[in-house]
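Please read the structure below before turning to the comments.
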Amino acid sequence: MLSYGKYLERNVNRDYGNYVEPTRRKLGDRMLATLSGGYTYFLESMDTLTFTLAFSHLQEGDGRIDGRPDPSTRMEKNSLAGTVAWSTMDRDWIFKGTLSHAVPRNDWGENFPITNVLSFEVSHVLR
């Protein structure tokens with residue numbers, strides 16, 4: 001998956017909650033690329049186990065303040081994610097767990113905190 005976004009320039013008169021002289025600000029263009037793949041294994045009961053791996057690259061360019069470049073808004077983040085899901089044969093119950101990890105290597109990120117996200121999901125279909 002690839003996505004690209006542009007921010008609109010806007011007037012700003014507050015910075016981190018404090019009033020400042022009004023300026024025209026624009027964040028840098030944003031690009032996101034994700035590559036993922038998965039495999040589904042059928043159990044003897046016809047329940048399924050699905051495994052998915054994903055790599056994501058998020059990048060945002062320099063912003064602008066009153067038309068001048070602002071490199072402090074530039075960011076880059078690379079992350080890896082793995083998901084395991086179990087579902088019943090009727091697909092009326094699905095249990096899913098995902099771990100997303102931002103890789104803390106110097107050449108893999110800039111101006112972005114390293115985060116790990118663990119999430120669990122339970123889905124049930126009412127018939």
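Following the order of the structure tokens, first chain is A, next is B, and so on, with residues numbered from 1 inside each chain and ligands from 1 in the order they appear.
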TODO: Excluding Ala33 (chain A) and any residue of its chain fewer than 2 positions from it, enumerate the residues within 7 Å of it, using only C-alpha atoms, and give them as a list in words.
DONE: Met1, Leu2, Ser3, Met31, Leu35, Ser56, His57 and Leu58 of chain A
Go ahead and save the picked residues with C-alpha atoms, as a short mmCIF file (atom, residue, chain, number, x, y, z; two decimals), in the first residue's frame.
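Once written, part-v6.cif looks like this:
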```
data_model
loop_
_atom_site.label_atom_id
_atom_site.label_comp_id
_atom_site.auth_asym_id
_atom_site.auth_seq_id
_atom_site.Cartn_x
_atom_site.Cartn_y
_atom_site.Cartn_z
CA MET A 1 0.00 0.00 0.00
CA LEU A 2 1.25 3.50 -0.82
CA SER A 3 -0.25 6.80 0.27
CA MET A 31 4.36 9.47 2.55
CA LEU A 35 4.29 -4.17 2.70
CA SER A 56 5.84 0.11 7.33
CA HIS A 57 7.78 3.26 6.39
CA LEU A 58 6.38 6.67 7.38
#
```
So that I can see what lies close to Leu80 (chain A), please list as a CSV table (one decimal) with C-alpha atoms, in the first residue's frame the residues with an atom at most 6 Å from it, counting only C-alpha atoms and leaving out residues fewer than 2 positions away in the same chain.
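Ended up saving to around_18.csv:
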```csv
chain,number,residue,atom,x,y,z
A,54,ALA,CA,4.2,-6.2,7.9
A,55,PHE,CA,6.8,-3.6,7.4
A,100,SER,CA,3.9,-3.5,16.4
A,101,HIS,CA,7.5,-2.5,17.0
```
Open item on the list: My list of candidates is A:Arg127, A:Gln59, A:Ala85, A:Arg64. Which is closest to Phe112 (chain A) when distances are computed with only C-alpha atoms?
Closed with: A:Gln59
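For the set A:Thr23, A:Ser45, A:Thr52, A:Asn78, the residue with the smallest atom-to-atom gap to Asp90 (chain A) is A:Ser45, counting only C-alpha atoms.
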Open item on the list: DSSP on the backbone: which residues in chain A end up as strand (DSSP E)? Give the answer as an MDAnalysis selection string.
Closed with: chainID A and resid 2:5 10:15 18:26 30:42 48:60 63:65 68:70 75:87 93:102 109:110 116:124
Task: Shell around Leu8 (chain A) at 9 Å using only C-alpha atoms, local window under 5 positions removed, as an MDAnalysis selection string - done: chainID A and resid 25:27
Find the residues near Val84 (chain A): any atom within 9 Å, counting only C-alpha atoms, skip ones fewer than 6 places away on the same chain, and give them as a tab-separated table (two decimals) with N, CA and C atoms, in the first residue's frame.
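As written to disk, selection-v3.tsv reads:
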```
chain	number	residue	atom	x	y	z
A	49	LEU	N	-5.78	-20.65	11.84
A	49	LEU	CA	-4.76	-19.80	12.44
A	49	LEU	C	-4.16	-18.99	11.29
A	50	THR	N	-4.15	-17.68	11.44
A	50	THR	CA	-3.61	-16.81	10.41
A	50	THR	C	-2.44	-16.02	10.98
A	51	PHE	N	-1.34	-16.00	10.25
A	51	PHE	CA	-0.13	-15.27	10.65
A	51	PHE	C	0.14	-14.19	9.62
A	52	THR	N	0.42	-12.99	10.08
A	52	THR	CA	0.69	-11.87	9.18
A	52	THR	C	1.93	-11.12	9.66
A	95	PHE	N	-10.23	-14.26	17.43
A	95	PHE	CA	-9.35	-13.73	18.47
A	95	PHE	C	-8.03	-13.35	17.80
A	96	LYS	N	-7.59	-12.12	18.03
A	96	LYS	CA	-6.44	-11.60	17.30
A	96	LYS	C	-5.50	-10.86	18.25
A	97	GLY	N	-4.20	-11.05	18.06
A	97	GLY	CA	-3.18	-10.31	18.81
A	97	GLY	C	-2.14	-9.75	17.85
A	98	THR	N	-1.75	-8.50	18.06
A	98	THR	CA	-0.78	-7.84	17.19
A	98	THR	C	0.28	-7.15	18.03
```
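Distance annotation: of A:Arg30, A:Val20, A:Gly67, A:Val103, the residue with the minimal separation from Asn116 (chain A) is A:Val103; atom set is only C-alpha atoms.
When only C-alpha atoms are used to compute distances to Glu60 (chain A), the closest of the residues A:Glu76, A:Thr115, A:Leu99, A:Met46 turns out to be A:Glu76.
Every residue of chain A with a DSSP assignment of helix (DSSP H, G or I), taken from the backbone, is listed as Pro71, Ser72, Thr73, Asn106, Asp107 and Trp108 of chain A.
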Expected file contents, prior selection, C-alpha atoms, as a PDB file, in the first residue's frame:
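Generated output (part13.pdb):
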```pdb
ATOM      1  CA  PRO A  71      13.435  21.018   9.433  1.00  0.00           C
ATOM      2  CA  SER A  72      12.208  20.486  13.022  1.00  0.00           C
ATOM      3  CA  THR A  73       8.957  18.976  11.692  1.00  0.00           C
ATOM      4  CA  ASN A 106      19.827   5.383  14.056  1.00  0.00           C
ATOM      5  CA  ASP A 107      19.354   4.955  10.324  1.00  0.00           C
ATOM      6  CA  TRP A 108      15.725   3.812  10.746  1.00  0.00           C
TER       7      TRP A 108
END
```
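Of the residues listed (A:Arg10, A:Val125, A:Pro69, A:Ile114), A:Val125 shows the shortest atom-to-atom separation from Trp93 (chain A); distances use only C-alpha atoms.
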- [ ] Could you please determine the separation between CA of Arg74 (chain A) and CA of Leu53 (chain A) in Å, to one decimal place?
- [x]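 That distance, rounded to one decimal, is 27.1 Å.
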Open item on the list: Considering only C-alpha atoms, can you say which of A:Gly61, A:Ala102, A:Asp47, A:Phe120 comes closest to Trp86 (chain A)?
Closed with: A:Asp47
